[in-house]
Amino acid sequence: MDTYHQIIDLYLQYRSVNAVKNRIGDAASKIRIQRVLITEGLWSSKTSEAVGELYAQGKSSQEIADLLYMSVKNVQSYLPYTRGFYGEKESEFSMASKHYRQRNSLAEERMALKKKEKDYEERRKG
């Protein structure tokens, strides 16, 4: 299970960001845990709600930081994660990465099949 889903599962079990952090250890920072939970609509605070409201109004991170007297980095820690592209055409790099992952997956499947065939042949001769 990837860290993102592990955070969600632990939070649903313990209902505490600190409990998730204690159990997940160095796999994720407290800020990352909060951002995952904000993204999934599972956790909020007064600050995250204020940031989210201003963000929904179309304010930039810098404008929100100025209005709430905090750093841009702090504002960003309260914004949900977003997808890499927003319904737009995928970038050339994105498509190349996707193709690379598909090729690796296919190669792994072929290697596993060859190993199974080899094991079968060895057992048959056995």
# chains A, B, ... in the order shown; residues from 1 in each chain; ligands from 1
>>> closest_atom_pairs(of="stretch 40-110 of chain A", to="stretch 15-23 of chain A", cutoff="12 Å", atoms="only C-alpha atoms", output="CSV")
residue,atom,partner,partner_atom,distance
A:Leu42,CA,A:Arg15,CA,9.1
A:Trp43,CA,A:Val17,CA,8.6
A:Ser44,CA,A:Val17,CA,10.6
A:Ser45,CA,A:Val17,CA,11.5
>>> write_last_selection(atoms="C-alpha atoms", output="mmCIF file, in the first residue's frame")
data_model
loop_
_atom_site.group_PDB
_atom_site.id
_atom_site.type_symbol
_atom_site.label_atom_id
_atom_site.label_comp_id
_atom_site.auth_asym_id
_atom_site.auth_seq_id
_atom_site.Cartn_x
_atom_site.Cartn_y
_atom_site.Cartn_z
ATOM 1 C CA LEU A 42 -11.204 14.164 5.996
ATOM 2 C CA TRP A 43 -9.548 16.850 8.131
ATOM 3 C CA SER A 44 -9.706 20.601 8.535
ATOM 4 C CA SER A 45 -8.759 23.353 10.943
#
>>> closest_residue(among="A:Ala27, A:Ile33, A:Ala112, A:Val51", to="A:Ser71", atoms="only C-alpha atoms")
A:Val51
>>> residues_around(residues="A:Ser77", least_positions_apart="5", cutoff="9 Å", atoms="only C-alpha atoms", output="number ranges by chain")
A: 31-32, 34-35, 48, 72
>>> closest_residue(among="A:Arg124, A:Lys73, A:Lys118, A:His5", to="A:Val36", atoms="only C-alpha atoms")
A:His5
